[in-house]
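File shown: model06.cif (mmCIF, C-alpha atoms, pLDDT in the B column; chains and numbers go by the auth columns).
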data_final
#
loop_
_atom_site.group_PDB
_atom_site.id
_atom_site.type_symbol
_atom_site.label_atom_id
_atom_site.label_comp_id
_atom_site.label_asym_id
_atom_site.label_seq_id
_atom_site.Cartn_x
_atom_site.Cartn_y
_atom_site.Cartn_z
_atom_site.B_iso_or_equiv
_atom_site.auth_seq_id
_atom_site.auth_asym_id
ATOM 1 C CA GLY A 1 15.150 -9.490 -2.038 71.00 1 M
ATOM 2 C CA ALA A 2 12.793 -7.690 0.386 83.00 2 M
ATOM 3 C CA VAL A 3 10.027 -10.282 0.324 90.00 3 M
ATOM 4 C CA VAL A 4 7.035 -10.010 2.641 93.00 4 M
ATOM 5 C CA SER A 5 4.843 -13.032 3.192 95.00 5 M
ATOM 6 C CA GLN A 6 1.283 -12.652 4.436 96.00 6 M
ATOM 7 C CA HIS A 7 -0.841 -15.554 5.589 96.00 7 M
ATOM 8 C CA PRO A 8 -3.575 -16.612 5.113 96.00 8 M
ATOM 9 C CA SER A 9 -4.505 -15.222 1.722 95.00 9 M
ATOM 10 C CA ARG A 10 -8.203 -15.804 2.242 96.00 10 M
ATOM 11 C CA VAL A 11 -10.418 -16.376 5.260 96.00 11 M
ATOM 12 C CA ILE A 12 -14.135 -17.042 5.376 96.00 12 M
ATOM 13 C CA CYS A 13 -15.660 -17.444 8.823 94.00 13 M
ATOM 14 C CA LYS A 14 -18.744 -16.921 10.903 95.00 14 M
ATOM 15 C CA SER A 15 -19.605 -13.741 12.729 96.00 15 M
ATOM 16 C CA GLY A 16 -18.077 -13.657 16.203 95.00 16 M
ATOM 17 C CA THR A 17 -14.924 -15.539 15.252 95.00 17 M
ATOM 18 C CA SER A 18 -11.490 -14.075 15.903 96.00 18 M
ATOM 19 C CA VAL A 19 -9.084 -14.182 12.979 97.00 19 M
ATOM 20 C CA LYS A 20 -5.304 -13.891 13.083 97.00 20 M
ATOM 21 C CA ILE A 21 -3.266 -12.685 10.092 97.00 21 M
ATOM 22 C CA GLU A 22 0.507 -13.055 9.954 97.00 22 M
ATOM 23 C CA CYS A 23 2.985 -10.802 8.216 96.00 23 M
ATOM 24 C CA ARG A 24 6.586 -11.959 7.856 95.00 24 M
ATOM 25 C CA SER A 25 9.634 -10.317 6.347 93.00 25 M
ATOM 26 C CA LEU A 26 11.470 -13.274 4.832 93.00 26 M
ATOM 27 C CA ASP A 27 14.899 -11.906 3.970 89.00 27 M
ATOM 28 C CA PHE A 28 15.269 -8.725 5.980 88.00 28 M
ATOM 29 C CA GLN A 29 14.652 -7.323 9.414 87.00 29 M
ATOM 30 C CA ALA A 30 11.935 -4.784 9.966 87.00 30 M
ATOM 31 C CA THR A 31 11.529 -2.764 13.117 85.00 31 M
ATOM 32 C CA THR A 32 8.380 -1.254 11.677 90.00 32 M
ATOM 33 C CA MET A 33 5.479 -2.939 9.942 93.00 33 M
ATOM 34 C CA PHE A 34 2.223 -1.402 8.820 95.00 34 M
ATOM 35 C CA TRP A 35 -1.314 -2.740 8.545 97.00 35 M
ATOM 36 C CA TYR A 36 -3.683 -1.382 5.911 97.00 36 M
ATOM 37 C CA ARG A 37 -7.293 -2.049 5.009 96.00 37 M
ATOM 38 C CA GLN A 38 -8.723 -1.664 1.535 94.00 38 M
ATOM 39 C CA PHE A 39 -12.436 -1.618 0.722 91.00 39 M
ATOM 40 C CA PRO A 40 -13.570 -2.252 -2.868 86.00 40 M
ATOM 41 C CA LYS A 41 -12.547 0.529 -5.248 82.00 41 M
ATOM 42 C CA GLN A 42 -11.028 2.504 -2.401 87.00 42 M
ATOM 43 C CA SER A 43 -7.463 3.367 -1.587 88.00 43 M
ATOM 44 C CA LEU A 44 -5.412 1.636 1.079 93.00 44 M
ATOM 45 C CA MET A 45 -6.087 3.129 4.480 95.00 45 M
ATOM 46 C CA LEU A 46 -3.459 2.840 7.179 95.00 46 M
ATOM 47 C CA MET A 47 -4.866 1.169 10.280 96.00 47 M
ATOM 48 C CA ALA A 48 -1.846 0.986 12.539 95.00 48 M
ATOM 49 C CA THR A 49 1.925 1.115 12.745 93.00 49 M
ATOM 50 C CA SER A 50 3.564 -1.835 14.433 90.00 50 M
ATOM 51 C CA ASN A 51 6.954 -1.417 16.099 87.00 51 M
ATOM 52 C CA GLU A 52 8.902 -4.402 17.337 85.00 52 M
ATOM 53 C CA GLY A 53 8.902 -4.695 21.090 83.00 53 M
ATOM 54 C CA SER A 54 6.443 -1.897 21.746 84.00 54 M
ATOM 55 C CA LYS A 55 2.751 -1.154 21.473 87.00 55 M
ATOM 56 C CA ALA A 56 1.262 -0.455 18.085 92.00 56 M
ATOM 57 C CA THR A 57 0.144 3.035 17.139 93.00 57 M
ATOM 58 C CA TYR A 58 -3.386 3.146 15.784 96.00 58 M
ATOM 59 C CA GLU A 59 -4.830 5.651 13.352 95.00 59 M
ATOM 60 C CA GLN A 60 -7.812 7.729 14.326 94.00 60 M
ATOM 61 C CA GLY A 61 -11.027 5.763 14.225 93.00 61 M
ATOM 62 C CA VAL A 62 -9.397 2.332 14.441 95.00 62 M
ATOM 63 C CA GLU A 63 -10.340 0.395 17.566 94.00 63 M
ATOM 64 C CA LYS A 64 -7.249 -1.010 19.236 93.00 64 M
ATOM 65 C CA ASP A 65 -9.280 -3.559 21.194 94.00 65 M
ATOM 66 C CA LYS A 66 -10.863 -4.772 17.974 96.00 66 M
ATOM 67 C CA PHE A 67 -7.666 -5.038 15.966 97.00 67 M
ATOM 68 C CA LEU A 68 -4.943 -6.500 18.164 96.00 68 M
ATOM 69 C CA ILE A 69 -1.412 -6.159 16.855 95.00 69 M
ATOM 70 C CA ASN A 70 1.616 -8.038 18.127 92.00 70 M
ATOM 71 C CA HIS A 71 5.117 -7.436 16.784 89.00 71 M
ATOM 72 C CA ALA A 72 7.196 -9.836 18.830 83.00 72 M
ATOM 73 C CA SER A 73 10.216 -10.131 16.553 89.00 73 M
ATOM 74 C CA LEU A 74 12.005 -8.227 13.801 89.00 74 M
ATOM 75 C CA THR A 75 10.444 -10.474 11.163 92.00 75 M
ATOM 76 C CA LEU A 76 6.888 -11.101 12.350 94.00 76 M
ATOM 77 C CA SER A 77 3.823 -8.983 13.059 94.00 77 M
ATOM 78 C CA THR A 78 0.331 -10.337 13.591 96.00 78 M
ATOM 79 C CA LEU A 79 -3.071 -8.698 13.319 97.00 79 M
ATOM 80 C CA THR A 80 -5.971 -10.314 15.150 97.00 80 M
ATOM 81 C CA VAL A 81 -9.479 -9.203 14.267 97.00 81 M
ATOM 82 C CA THR A 82 -11.407 -10.015 17.431 96.00 82 M
ATOM 83 C CA SER A 83 -15.060 -11.048 17.355 96.00 83 M
ATOM 84 C CA ALA A 84 -15.273 -10.239 13.662 95.00 84 M
ATOM 85 C CA HIS A 85 -18.537 -9.031 12.147 95.00 85 M
ATOM 86 C CA PRO A 86 -19.643 -8.639 8.512 95.00 86 M
ATOM 87 C CA GLU A 87 -18.597 -4.977 8.490 94.00 87 M
ATOM 88 C CA ASP A 88 -15.014 -6.117 9.138 95.00 88 M
ATOM 89 C CA SER A 89 -14.986 -7.903 5.794 96.00 89 M
ATOM 90 C CA SER A 90 -12.256 -6.300 3.755 96.00 90 M
ATOM 91 C CA PHE A 91 -8.845 -6.771 2.166 96.00 91 M
ATOM 92 C CA TYR A 92 -6.088 -6.443 4.752 97.00 92 M
ATOM 93 C CA ILE A 93 -2.515 -5.779 3.584 97.00 93 M
ATOM 94 C CA CYS A 94 0.647 -5.553 5.611 96.00 94 M
ATOM 95 C CA SER A 95 3.936 -3.952 4.746 95.00 95 M
ATOM 96 C CA ALA A 96 7.390 -4.015 6.257 92.00 96 M
ATOM 97 C CA ARG A 97 9.935 -1.260 6.106 88.00 97 M
ATOM 98 C CA VAL A 98 13.548 -2.246 5.610 78.00 98 M
ATOM 99 C CA GLY A 99 15.856 -1.370 8.459 67.00 99 M
ATOM 100 C CA THR A 100 15.862 -1.220 12.202 61.00 100 M
ATOM 101 C CA GLY A 101 15.134 2.472 12.709 60.00 101 M
ATOM 102 C CA VAL A 102 11.732 3.615 13.926 56.00 102 M
ATOM 103 C CA GLY A 103 11.584 6.794 11.877 60.00 103 M
ATOM 104 C CA SER A 104 12.667 6.240 8.307 67.00 104 M
ATOM 105 C CA ASN A 105 11.672 6.999 4.764 69.00 105 M
ATOM 106 C CA GLN A 106 12.959 3.673 3.471 77.00 106 M
ATOM 107 C CA PRO A 107 10.565 1.901 1.100 82.00 107 M
ATOM 108 C CA GLN A 108 7.808 -0.310 2.413 87.00 108 M
ATOM 109 C CA HIS A 109 7.460 -3.777 0.921 90.00 109 M
ATOM 110 C CA PHE A 110 3.990 -5.243 0.795 93.00 110 M
ATOM 111 C CA GLY A 111 2.499 -8.654 1.361 94.00 111 M
ATOM 112 C CA ASP A 112 -0.064 -10.157 -0.990 93.00 112 M
ATOM 113 C CA GLY A 113 -2.963 -9.315 1.296 95.00 113 M
ATOM 114 C CA THR A 114 -5.663 -11.267 3.099 97.00 114 M
ATOM 115 C CA ARG A 115 -9.246 -11.301 1.883 96.00 115 M
ATOM 116 C CA LEU A 116 -11.424 -11.546 4.991 96.00 116 M
ATOM 117 C CA SER A 117 -15.086 -12.435 4.562 96.00 117 M
ATOM 118 C CA ILE A 118 -17.321 -12.613 7.623 95.00 118 M
ATOM 119 C CA LEU A 119 -20.644 -14.347 7.127 94.00 119 M
ATOM 120 C CA LYS B 1 -3.901 16.270 6.294 88.00 1 J
ATOM 121 C CA GLN B 2 -2.303 14.887 3.153 93.00 2 J
ATOM 122 C CA GLU B 3 -4.653 14.053 0.301 95.00 3 J
ATOM 123 C CA VAL B 4 -3.638 12.189 -2.829 97.00 4 J
ATOM 124 C CA THR B 5 -5.707 12.326 -6.007 97.00 5 J
ATOM 125 C CA GLN B 6 -5.249 10.200 -9.097 97.00 6 J
ATOM 126 C CA ILE B 7 -6.642 11.046 -12.500 95.00 7 J
ATOM 127 C CA PRO B 8 -8.131 9.390 -14.448 94.00 8 J
ATOM 128 C CA ALA B 9 -9.917 6.821 -12.310 95.00 9 J
ATOM 129 C CA ALA B 10 -9.973 4.447 -15.259 96.00 10 J
ATOM 130 C CA LEU B 11 -8.275 4.339 -18.629 96.00 11 J
ATOM 131 C CA SER B 12 -8.657 2.000 -21.582 97.00 12 J
ATOM 132 C CA VAL B 13 -6.148 2.076 -24.443 97.00 13 J
ATOM 133 C CA PRO B 14 -5.190 -0.089 -27.411 97.00 14 J
ATOM 134 C CA GLU B 15 -1.990 -2.079 -27.241 98.00 15 J
ATOM 135 C CA GLY B 16 1.128 -0.162 -28.218 97.00 16 J
ATOM 136 C CA GLU B 17 -0.100 3.234 -27.111 97.00 17 J
ATOM 137 C CA ASN B 18 1.945 5.478 -24.831 97.00 18 J
ATOM 138 C CA LEU B 19 0.027 6.759 -21.813 96.00 19 J
ATOM 139 C CA VAL B 20 0.319 9.024 -18.788 97.00 20 J
ATOM 140 C CA LEU B 21 -1.182 8.575 -15.344 97.00 21 J
ATOM 141 C CA ASN B 22 -1.467 11.555 -13.042 98.00 22 J
ATOM 142 C CA CYS B 23 -1.100 11.941 -9.296 98.00 23 J
ATOM 143 C CA SER B 24 -1.430 15.089 -7.202 98.00 24 J
ATOM 144 C CA PHE B 25 -0.901 15.669 -3.493 97.00 25 J
ATOM 145 C CA THR B 26 -1.811 18.563 -1.238 97.00 26 J
ATOM 146 C CA ASP B 27 1.156 18.719 1.160 95.00 27 J
ATOM 147 C CA SER B 28 4.528 19.143 -0.528 93.00 28 J
ATOM 148 C CA ALA B 29 6.461 18.213 2.640 92.00 29 J
ATOM 149 C CA ILE B 30 7.205 14.672 1.502 93.00 30 J
ATOM 150 C CA TYR B 31 10.198 12.372 1.705 91.00 31 J
ATOM 151 C CA ASN B 32 9.393 10.393 -1.398 92.00 32 J
ATOM 152 C CA LEU B 33 6.675 9.260 -3.766 95.00 33 J
ATOM 153 C CA GLN B 34 6.069 5.721 -4.964 95.00 34 J
ATOM 154 C CA TRP B 35 4.124 4.204 -7.795 97.00 35 J
ATOM 155 C CA PHE B 36 2.703 0.729 -7.244 96.00 36 J
ATOM 156 C CA ARG B 37 0.899 -1.790 -9.360 96.00 37 J
ATOM 157 C CA GLN B 38 -1.954 -3.856 -7.926 94.00 38 J
ATOM 158 C CA ASP B 39 -3.483 -6.801 -9.747 93.00 39 J
ATOM 159 C CA PRO B 40 -7.057 -7.833 -8.821 88.00 40 J
ATOM 160 C CA GLY B 41 -7.210 -9.382 -5.364 84.00 41 J
ATOM 161 C CA LYS B 42 -3.464 -9.091 -4.912 87.00 42 J
ATOM 162 C CA GLY B 43 -1.006 -7.070 -2.927 89.00 43 J
ATOM 163 C CA LEU B 44 1.163 -4.236 -4.173 92.00 44 J
ATOM 164 C CA THR B 45 4.211 -4.369 -6.397 91.00 45 J
ATOM 165 C CA SER B 46 6.502 -1.369 -6.171 90.00 46 J
ATOM 166 C CA LEU B 47 7.308 0.080 -9.588 95.00 47 J
ATOM 167 C CA LEU B 48 9.268 3.250 -8.954 94.00 48 J
ATOM 168 C CA LEU B 49 10.296 5.356 -5.971 92.00 49 J
ATOM 169 C CA ILE B 50 11.290 8.993 -6.368 94.00 50 J
ATOM 170 C CA GLN B 51 13.046 10.733 -3.516 92.00 51 J
ATOM 171 C CA SER B 52 11.957 14.311 -2.805 92.00 52 J
ATOM 172 C CA SER B 53 15.260 15.623 -4.174 92.00 53 J
ATOM 173 C CA GLN B 54 14.816 13.816 -7.484 94.00 54 J
ATOM 174 C CA ARG B 55 12.769 14.826 -10.502 95.00 55 J
ATOM 175 C CA GLU B 56 12.361 11.485 -12.232 96.00 56 J
ATOM 176 C CA GLN B 57 13.065 7.777 -12.184 96.00 57 J
ATOM 177 C CA THR B 58 13.045 5.275 -15.028 97.00 58 J
ATOM 178 C CA SER B 59 12.641 1.526 -15.135 95.00 59 J
ATOM 179 C CA GLY B 60 12.263 -0.139 -18.494 97.00 60 J
ATOM 180 C CA ARG B 61 9.161 1.230 -20.202 97.00 61 J
ATOM 181 C CA LEU B 62 8.169 3.201 -17.114 98.00 62 J
ATOM 182 C CA ASN B 63 9.151 6.754 -16.307 98.00 63 J
ATOM 183 C CA ALA B 64 7.936 8.640 -13.266 97.00 64 J
ATOM 184 C CA SER B 65 8.374 12.351 -12.711 97.00 65 J
ATOM 185 C CA LEU B 66 7.994 14.452 -9.587 97.00 66 J
ATOM 186 C CA ASP B 67 7.327 18.166 -9.217 97.00 67 J
ATOM 187 C CA LYS B 68 7.257 18.543 -5.466 94.00 68 J
ATOM 188 C CA SER B 69 6.569 22.265 -5.407 93.00 69 J
ATOM 189 C CA SER B 70 3.401 21.879 -7.439 95.00 70 J
ATOM 190 C CA GLY B 71 2.418 18.611 -5.776 96.00 71 J
ATOM 191 C CA ARG B 72 2.341 16.534 -8.932 97.00 72 J
ATOM 192 C CA SER B 73 3.713 13.310 -10.289 98.00 73 J
ATOM 193 C CA THR B 74 3.178 11.467 -13.538 98.00 74 J
ATOM 194 C CA LEU B 75 3.756 7.874 -14.533 98.00 75 J
ATOM 195 C CA TYR B 76 4.526 7.425 -18.214 98.00 76 J
ATOM 196 C CA ILE B 77 4.130 3.979 -19.736 98.00 77 J
ATOM 197 C CA ALA B 78 5.620 3.502 -23.192 98.00 78 J
ATOM 198 C CA ALA B 79 4.395 0.996 -25.748 98.00 79 J
ATOM 199 C CA SER B 80 1.697 -0.406 -23.489 97.00 80 J
ATOM 200 C CA GLN B 81 0.998 -4.150 -23.449 97.00 81 J
ATOM 201 C CA PRO B 82 -2.022 -6.191 -22.296 97.00 82 J
ATOM 202 C CA GLY B 83 0.087 -7.405 -19.391 97.00 83 J
ATOM 203 C CA ASP B 84 0.239 -3.833 -18.118 98.00 84 J
ATOM 204 C CA SER B 85 -3.473 -4.007 -17.284 98.00 85 J
ATOM 205 C CA ALA B 86 -3.807 -3.407 -13.542 97.00 86 J
ATOM 206 C CA THR B 87 -4.589 -0.716 -11.014 96.00 87 J
ATOM 207 C CA TYR B 88 -1.786 1.789 -10.542 97.00 88 J
ATOM 208 C CA LEU B 89 -1.485 3.427 -7.145 97.00 89 J
ATOM 209 C CA CYS B 90 0.420 6.528 -6.189 97.00 90 J
ATOM 210 C CA ALA B 91 1.572 6.979 -2.577 96.00 91 J
ATOM 211 C CA VAL B 92 3.488 9.754 -0.841 95.00 92 J
ATOM 212 C CA CYS B 93 5.652 9.322 2.236 92.00 93 J
ATOM 213 C CA GLY B 94 5.003 12.295 4.449 89.00 94 J
ATOM 214 C CA SER B 95 6.895 13.942 7.275 83.00 95 J
ATOM 215 C CA ASN B 96 5.395 11.361 9.649 82.00 96 J
ATOM 216 C CA TYR B 97 7.053 8.541 7.628 84.00 97 J
ATOM 217 C CA LYS B 98 3.631 7.166 6.720 88.00 98 J
ATOM 218 C CA LEU B 99 2.285 6.469 3.241 92.00 99 J
ATOM 219 C CA THR B 100 -0.850 8.154 1.957 95.00 100 J
ATOM 220 C CA PHE B 101 -2.379 6.459 -1.061 96.00 101 J
ATOM 221 C CA GLY B 102 -4.535 7.657 -3.903 96.00 102 J
ATOM 222 C CA LYS B 103 -7.529 5.618 -5.068 95.00 103 J
ATOM 223 C CA GLY B 104 -5.676 4.412 -8.116 96.00 104 J
ATOM 224 C CA THR B 105 -6.115 4.364 -11.868 97.00 105 J
ATOM 225 C CA LEU B 106 -7.552 1.198 -13.389 97.00 106 J
ATOM 226 C CA LEU B 107 -5.697 0.620 -16.650 98.00 107 J
ATOM 227 C CA THR B 108 -6.949 -1.719 -19.354 98.00 108 J
ATOM 228 C CA VAL B 109 -4.746 -2.340 -22.375 98.00 109 J
ATOM 229 C CA ASN B 110 -6.687 -3.994 -25.163 97.00 110 J
ATOM 230 C CA PRO B 111 -4.950 -6.402 -27.538 95.00 111 J
#

Can you present the structure in this file as structure tokens?
Amino acid sequence: GAVVSQHPSRVICKSGTSVKIECRSLDFQATTMFWYRQFPKQSLMLMATSNEGSKATYEQGVEKDKFLINHASLTLSTLTVTSAHPEDSSFYICSARVGTGVGSNQPQHFGDGTRLSIL
Amino acid sequence: KQEVTQIPAALSVPEGENLVLNCSFTDSAIYNLQWFRQDPGKGLTSLLLIQSSQREQTSGRLNASLDKSSGRSTLYIAASQPGDSATYLCAVCGSNYKLTFGKGTLLTVNP
């Protein structure tokens, strides 16, 4: 149980392209999903918290107009990297927290990540 | 601001050896602590979760301990196998319900 599917697993595209990444909770509902970014040999850094039906909350230093998040249902959140540039190349991972409460210490379940490479 | 440190950054051991990975955190106001495994280019697999009121959790050959007051956790792996080779990440869930990760320990178990 508690499976999170992330798609696509790998994207290679030209500079200036917008890229959408999907994160789905397959067998549970998740009011809250999280988006992380991981650079090589670095830890996961939280980018934003996505709550179903409301605006995402972004961490300090993360541009909300650059990284658009939509959480339209209890099982799907999307991250769109708009007008991507080489410095946006990274490994993006989503997670979903079990349950329908906004504030909770329930475990997060992670997707397999998306390797984004901008040429 | 919570900071999580993992030591060592890398560890190489022969098959069959018992080993300990260390994690420390600066703010003891946590709800829980999780240990994850990450294979190269992959997402995270949750190994163990310890609630703040607990002192340890066990799953198979893995045992994780938590000393919240001193801000420390250890992950003990018994009888290591080549298949255990991966990066092990420690993460704490703080009072804001968010996870803060360490940089991980890269474990290599040699056959």

Exercise for review: Name the residues that the PyMOL selection byres ((chain J and resi 57-63) around 8) picks from the file above, as a VMD selection string, using the file's chain letters and numbers.
Suggested key: chain J and resid 47 to 50 54 to 56 64 to 65 75 to 79

Check your understanding: Quick one, how far is CA of Asn70 (chain M) from CA of Lys42 (chain J)?
Key ->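 Going from CA of Asn70 (chain M) over to CA of Lys42 (chain J), I get 23.6 Å.
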
How close does each residue of chain J get to chain M, giving the shortest atom pair and distance in Å to one decimal for every residue with an atom at most 12 Å away, counting all atoms listed in the file, sorted by chain and residue number, as JSON lines?
{"residue": "J:Glu3", "atom": "CA", "partner": "M:Ser43", "partner_atom": "CA", "distance": 11.2}
{"residue": "J:Val4", "atom": "CA", "partner": "M:Ser43", "partner_atom": "CA", "distance": 9.7}
{"residue": "J:Thr5", "atom": "CA", "partner": "M:Ser43", "partner_atom": "CA", "distance": 10.1}
{"residue": "J:Gln6", "atom": "CA", "partner": "M:Ser43", "partner_atom": "CA", "distance": 10.4}
{"residue": "J:Ala9", "atom": "CA", "partner": "M:Lys41", "partner_atom": "CA", "distance": 9.8}
{"residue": "J:Ala10", "atom": "CA", "partner": "M:Lys41", "partner_atom": "CA", "distance": 11.1}
{"residue": "J:Ile30", "atom": "CA", "partner": "M:Asn105", "partner_atom": "CA", "distance": 9.5}
{"residue": "J:Tyr31", "atom": "CA", "partner": "M:Asn105", "partner_atom": "CA", "distance": 6.4}
{"residue": "J:Asn32", "atom": "CA", "partner": "M:Asn105", "partner_atom": "CA", "distance": 7.4}
{"residue": "J:Leu33", "atom": "CA", "partner": "M:Pro107", "partner_atom": "CA", "distance": 9.6}
{"residue": "J:Gln34", "atom": "CA", "partner": "M:Pro107", "partner_atom": "CA", "distance": 8.5}
{"residue": "J:Trp35", "atom": "CA", "partner": "M:Pro107", "partner_atom": "CA", "distance": 11.2}
{"residue": "J:Phe36", "atom": "CA", "partner": "M:Phe110", "partner_atom": "CA", "distance": 10.1}
{"residue": "J:Arg37", "atom": "CA", "partner": "M:Phe110", "partner_atom": "CA", "distance": 11.2}
{"residue": "J:Gln38", "atom": "CA", "partner": "M:Asp112", "partner_atom": "CA", "distance": 9.6}
{"residue": "J:Asp39", "atom": "CA", "partner": "M:Asp112", "partner_atom": "CA", "distance": 10.0}
{"residue": "J:Pro40", "atom": "CA", "partner": "M:Pro40", "partner_atom": "CA", "distance": 10.4}
{"residue": "J:Gly41", "atom": "CA", "partner": "M:Arg115", "partner_atom": "CA", "distance": 7.8}
{"residue": "J:Lys42", "atom": "CA", "partner": "M:Asp112", "partner_atom": "CA", "distance": 5.3}
{"residue": "J:Gly43", "atom": "CA", "partner": "M:Asp112", "partner_atom": "CA", "distance": 3.8}
{"residue": "J:Leu44", "atom": "CA", "partner": "M:Phe110", "partner_atom": "CA", "distance": 5.8}
{"residue": "J:Thr45", "atom": "CA", "partner": "M:Phe110", "partner_atom": "CA", "distance": 7.2}
{"residue": "J:Ser46", "atom": "CA", "partner": "M:His109", "partner_atom": "CA", "distance": 7.6}
{"residue": "J:Leu47", "atom": "CA", "partner": "M:His109", "partner_atom": "CA", "distance": 11.2}
{"residue": "J:Leu48", "atom": "CA", "partner": "M:Pro107", "partner_atom": "CA", "distance": 10.2}
{"residue": "J:Leu49", "atom": "CA", "partner": "M:Pro107", "partner_atom": "CA", "distance": 7.9}
{"residue": "J:Ile50", "atom": "CA", "partner": "M:Pro107", "partner_atom": "CA", "distance": 10.3}
{"residue": "J:Gln51", "atom": "CA", "partner": "M:Asn105", "partner_atom": "CA", "distance": 9.2}
{"residue": "J:Ser52", "atom": "CA", "partner": "M:Asn105", "partner_atom": "CA", "distance": 10.5}
{"residue": "J:Thr87", "atom": "CA", "partner": "M:Lys41", "partner_atom": "CA", "distance": 9.9}
{"residue": "J:Tyr88", "atom": "CA", "partner": "M:Ser43", "partner_atom": "CA", "distance": 10.7}
{"residue": "J:Leu89", "atom": "CA", "partner": "M:Ser43", "partner_atom": "CA", "distance": 8.2}
{"residue": "J:Cys90", "atom": "CA", "partner": "M:Ser43", "partner_atom": "CA", "distance": 9.7}
{"residue": "J:Ala91", "atom": "CA", "partner": "M:Leu44", "partner_atom": "CA", "distance": 9.5}
{"residue": "J:Val92", "atom": "CA", "partner": "M:Asn105", "partner_atom": "CA", "distance": 10.3}
{"residue": "J:Cys93", "atom": "CA", "partner": "M:Asn105", "partner_atom": "CA", "distance": 6.9}
{"residue": "J:Gly94", "atom": "CA", "partner": "M:Asn105", "partner_atom": "CA", "distance": 8.5}
{"residue": "J:Ser95", "atom": "CA", "partner": "M:Asn105", "partner_atom": "CA", "distance": 8.8}
{"residue": "J:Asn96", "atom": "CA", "partner": "M:Gly103", "partner_atom": "CA", "distance": 8.0}
{"residue": "J:Tyr97", "atom": "CA", "partner": "M:Asn105", "partner_atom": "CA", "distance": 5.6}
{"residue": "J:Lys98", "atom": "CA", "partner": "M:Asn105", "partner_atom": "CA", "distance": 8.3}
{"residue": "J:Leu99", "atom": "CA", "partner": "M:Leu46", "partner_atom": "CA", "distance": 7.9}
{"residue": "J:Thr100", "atom": "CA", "partner": "M:Met45", "partner_atom": "CA", "distance": 7.7}
{"residue": "J:Phe101", "atom": "CA", "partner": "M:Ser43", "partner_atom": "CA", "distance": 6.0}
{"residue": "J:Gly102", "atom": "CA", "partner": "M:Ser43", "partner_atom": "CA", "distance": 5.7}
{"residue": "J:Lys103", "atom": "CA", "partner": "M:Ser43", "partner_atom": "CA", "distance": 4.1}
{"residue": "J:Gly104", "atom": "CA", "partner": "M:Ser43", "partner_atom": "CA", "distance": 6.8}
{"residue": "J:Thr105", "atom": "CA", "partner": "M:Lys41", "partner_atom": "CA", "distance": 10.0}
{"residue": "J:Leu106", "atom": "CA", "partner": "M:Lys41", "partner_atom": "CA", "distance": 9.6}

**Study point:** Nearby residues, (3.2, -1.4, 21.9) file frame, 12 Å, all atoms listed in the file, as a ChimeraX atom specification
**Key:** /M:32,48-58,64,68-72,77

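Polymer residues near (-10.7, -11.7, 13.9): counting all atoms listed in the file with a cut-off of 7 Å, they are M:Thr17, M:Ser18, M:Val19, M:Lys20, M:Thr80, M:Val81, M:Thr82, M:Ser83, M:Ala84.
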
Go ahead and write the residues just picked, C-alpha atoms, as a PDB file, keeping the file's coordinate frame.
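Output below, filename result.pdb:
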ATOM      1  CA  THR M  17     -14.924 -15.539  15.252  1.00 95.00           C
ATOM      2  CA  SER M  18     -11.490 -14.075  15.903  1.00 96.00           C
ATOM      3  CA  VAL M  19      -9.084 -14.182  12.979  1.00 97.00           C
ATOM      4  CA  LYS M  20      -5.304 -13.891  13.083  1.00 97.00           C
ATOM      5  CA  THR M  80      -5.971 -10.314  15.150  1.00 97.00           C
ATOM      6  CA  VAL M  81      -9.479  -9.203  14.267  1.00 97.00           C
ATOM      7  CA  THR M  82     -11.407 -10.015  17.431  1.00 96.00           C
ATOM      8  CA  SER M  83     -15.060 -11.048  17.355  1.00 96.00           C
ATOM      9  CA  ALA M  84     -15.273 -10.239  13.662  1.00 95.00           C
TER      10      ALA M  84
END

Review point. Nearest to Ser69 (chain J) among J:Ala86, J:Val13, J:Ala29, J:Leu107, with distances taken over all atoms listed in the file: which residue is it?
Key: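 Ranking J:Ala86, J:Val13, J:Ala29, J:Leu107 by distance to Ser69 (chain J), first place goes to J:Ala29.
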
Check your understanding: Residues at most 6 Å from region 21-27 of chain M, counting all atoms listed in the file, excluding those fewer than 6 positions away in the same chain, as a count of residues only?
Key -> 11

Review point. CA of Glu87 (chain M) and CA of Ser117 (chain M) are how many Å apart?
Key: 9.1 Å
